[in-house]
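Printed here is entry.cif (mmCIF, C-alpha atoms):
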data_work
loop_
_atom_site.group_PDB
_atom_site.id
_atom_site.type_symbol
_atom_site.label_atom_id
_atom_site.label_comp_id
_atom_site.auth_asym_id
_atom_site.auth_seq_id
_atom_site.Cartn_x
_atom_site.Cartn_y
_atom_site.Cartn_z
ATOM 1 C CA MET A 439 -48.163 -54.372 13.032
ATOM 2 C CA LEU A 440 -47.564 -53.492 9.399
ATOM 3 C CA THR A 441 -48.529 -49.871 10.038
ATOM 4 C CA ALA A 442 -45.889 -49.656 12.757
ATOM 5 C CA VAL A 443 -43.306 -51.069 10.354
ATOM 6 C CA ALA A 444 -44.338 -48.492 7.756
ATOM 7 C CA VAL A 445 -43.986 -45.641 10.233
ATOM 8 C CA LEU A 446 -40.560 -46.865 11.370
ATOM 9 C CA ALA A 447 -39.420 -47.311 7.769
ATOM 10 C CA THR A 448 -40.569 -43.783 6.937
ATOM 11 C CA LEU A 449 -38.693 -42.364 9.919
ATOM 12 C CA ALA A 450 -35.594 -44.340 8.954
ATOM 13 C CA PHE A 451 -35.800 -43.047 5.364
ATOM 14 C CA ILE A 452 -36.153 -39.434 6.541
ATOM 15 C CA GLY A 453 -33.265 -39.957 8.952
ATOM 16 C CA TRP A 454 -31.129 -41.379 6.160
ATOM 17 C CA LEU A 455 -31.881 -38.344 3.969
ATOM 18 C CA ILE A 456 -30.962 -35.963 6.808
ATOM 19 C CA TYR A 457 -27.773 -37.936 7.544
ATOM 20 C CA ARG A 458 -26.716 -37.761 3.883
ATOM 21 C CA ALA A 459 -27.469 -34.016 3.771
ATOM 22 C CA VAL A 460 -25.465 -33.302 6.946
ATOM 23 C CA ARG A 461 -22.501 -35.322 5.684
ATOM 24 C CA GLY A 462 -22.591 -33.379 2.412
ATOM 25 C CA LYS A 463 -23.115 -36.460 0.277
ATOM 26 C CA PRO A 464 -25.356 -35.916 -2.729
ATOM 27 C CA PHE A 465 -28.331 -38.118 -3.416
ATOM 28 C CA LYS A 466 -30.111 -38.476 -6.702
ATOM 29 C CA ALA A 467 -33.739 -37.514 -7.193
ATOM 30 C CA HIS A 468 -34.686 -41.001 -8.374
ATOM 31 C CA THR A 469 -33.423 -42.460 -5.083
ATOM 32 C CA VAL A 470 -35.703 -40.161 -3.099
ATOM 33 C CA VAL A 471 -38.693 -40.877 -5.348
ATOM 34 C CA TYR A 472 -38.042 -44.620 -5.149
ATOM 35 C CA GLY A 473 -37.956 -44.448 -1.353
ATOM 36 C CA LEU A 474 -41.166 -42.432 -1.240
ATOM 37 C CA SER A 475 -42.906 -44.873 -3.562
ATOM 38 C CA CYS A 476 -41.813 -47.790 -1.370
ATOM 39 C CA MET A 477 -43.216 -46.038 1.692
ATOM 40 C CA ALA A 478 -46.484 -45.340 -0.127
ATOM 41 C CA GLY A 479 -46.658 -48.994 -1.160
ATOM 42 C CA ILE A 480 -46.199 -50.167 2.416
ATOM 43 C CA TYR A 481 -48.901 -47.791 3.681
ATOM 44 C CA THR A 482 -51.265 -48.902 0.902
ATOM 45 C CA PHE A 483 -50.600 -52.560 1.655
ATOM 46 C CA ALA A 484 -51.286 -51.998 5.355
ATOM 47 C CA PHE A 485 -54.481 -50.085 4.550
ATOM 48 C CA PHE A 486 -55.797 -52.845 2.272
ATOM 49 C CA LEU A 487 -54.991 -55.539 4.816
ATOM 50 C CA SER A 488 -57.019 -53.695 7.435
ATOM 51 C CA MET A 489 -60.194 -53.918 5.300
ATOM 52 C CA ASP A 490 -62.764 -56.672 5.404
ATOM 53 C CA ILE A 491 -62.894 -58.937 2.336
ATOM 54 C CA LEU A 492 -66.094 -57.516 0.806
ATOM 55 C CA GLN A 493 -64.819 -53.951 0.929
ATOM 56 C CA LEU A 494 -61.447 -55.045 -0.465
ATOM 57 C CA VAL A 495 -63.155 -56.778 -3.411
ATOM 58 C CA LYS A 496 -65.169 -53.616 -4.116
ATOM 59 C CA VAL A 497 -62.051 -51.428 -4.099
ATOM 60 C CA VAL A 498 -60.095 -53.787 -6.373
ATOM 61 C CA ALA A 499 -63.084 -54.049 -8.760
ATOM 62 C CA CYS A 500 -63.317 -50.241 -8.931
ATOM 63 C CA ILE A 501 -59.593 -49.944 -9.635
ATOM 64 C CA LEU A 502 -59.785 -52.532 -12.428
ATOM 65 C CA LEU A 503 -62.900 -50.910 -13.915
ATOM 66 C CA GLY A 504 -61.216 -47.502 -13.849
ATOM 67 C CA ALA A 505 -58.109 -48.893 -15.560
ATOM 68 C CA ALA A 506 -60.266 -50.552 -18.233
ATOM 69 C CA LEU A 507 -62.155 -47.298 -18.882
ATOM 70 C CA ILE A 508 -58.895 -45.345 -19.176
ATOM 71 C CA VAL A 509 -57.528 -47.845 -21.708
ATOM 72 C CA LEU A 510 -60.806 -47.763 -23.653
ATOM 73 C CA ALA A 511 -60.846 -43.951 -23.741
ATOM 74 C CA ALA A 512 -57.222 -43.833 -24.901
ATOM 75 C CA TYR A 513 -57.971 -46.400 -27.612
ATOM 76 C CA LEU A 514 -61.017 -44.506 -28.869
ATOM 77 C CA GLN A 515 -59.182 -41.179 -28.813
ATOM 78 C CA ARG A 516 -56.292 -42.665 -30.761
ATOM 79 C CA ARG A 517 -58.668 -44.106 -33.387
ATOM 80 C CA ARG A 518 -60.300 -40.725 -34.026
ATOM 81 C CA GLN A 519 -57.377 -38.641 -35.197
ATOM 82 C CA PRO A 520 -58.477 -35.219 -36.439
ATOM 83 C CA ALA A 521 -58.096 -34.611 -40.139
ATOM 84 C CA VAL A 522 -55.194 -32.294 -40.892
ATOM 85 C CA THR A 523 -56.122 -29.571 -43.376
ATOM 86 C CA LEU A 524 -53.693 -27.081 -44.770
#
Would you write out, as structure tokens, the structure that this file holds?
Amino acid sequence: MLTAVAVLATLAFIGWLIYRAVRGKPFKAHTVVYGLSCMAGIYTFAFFLSMDILQLVKVVACILLGAALIVLAAYLQRRRQPAVTL
């Protein structure tokens, strides 16, 4: 059901963009990007809801582990600033 809603919302968003373009009304880039990110969020939500619980836990654990490793790498890189020699 949620996938059908996502598809209809995507079609409505594309239709809205075409309608605005035909009418000659400008739209800002951040509006388009915001709409695309909302559509991606809906598709992601529908994809995660279609998983079984064990697989969902594995995916969330991998995402959290990846985020932790990125933060750790950024922290370590920031600590080791190269010495500036002139």
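All residues of protein, DNA or RNA that reach within 10 Å of A:Tyr481, judged by all atoms listed in the file and not counting those fewer than 5 positions away in the chain, are Leu440, Thr441, Ala442, Val443, Ala444, Val445, Thr448, Ser475, Cys476, Phe486 and Leu487 of chain A.
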Saved selection, atoms kept: C-alpha atoms, as a JSON list (two decimals), keeping the file's coordinate frame:
[["chain", "number", "residue", "atom", "x", "y", "z"],
["A", 440, "LEU", "CA", -47.56, -53.49, 9.40],
["A", 441, "THR", "CA", -48.53, -49.87, 10.04],
["A", 442, "ALA", "CA", -45.89, -49.66, 12.76],
["A", 443, "VAL", "CA", -43.31, -51.07, 10.35],
["A", 444, "ALA", "CA", -44.34, -48.49, 7.76],
["A", 445, "VAL", "CA", -43.99, -45.64, 10.23],
["A", 448, "THR", "CA", -40.57, -43.78, 6.94],
["A", 475, "SER", "CA", -42.91, -44.87, -3.56],
["A", 476, "CYS", "CA", -41.81, -47.79, -1.37],
["A", 486, "PHE", "CA", -55.80, -52.84, 2.27],
["A", 487, "LEU", "CA", -54.99, -55.54, 4.82]]
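In terms of minimum interatomic distance to A:Met439, A:Ser488 ranks closest within A:Met477, A:Tyr472, A:Phe451, A:Ser488, counting only C-alpha atoms.
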Figure out the distance between atom CA of A:Lys463 and atom CA of A:Leu446, please, to one decimal in Å.
23.1 Å
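In this model, the gap between atom CA of A:Gly473 and atom CA of A:Ala459 comes to 15.7 Å.
The two atoms in question, atom CA of A:Ala447 and atom CA of A:Ile480, are spaced 9.1 Å apart.
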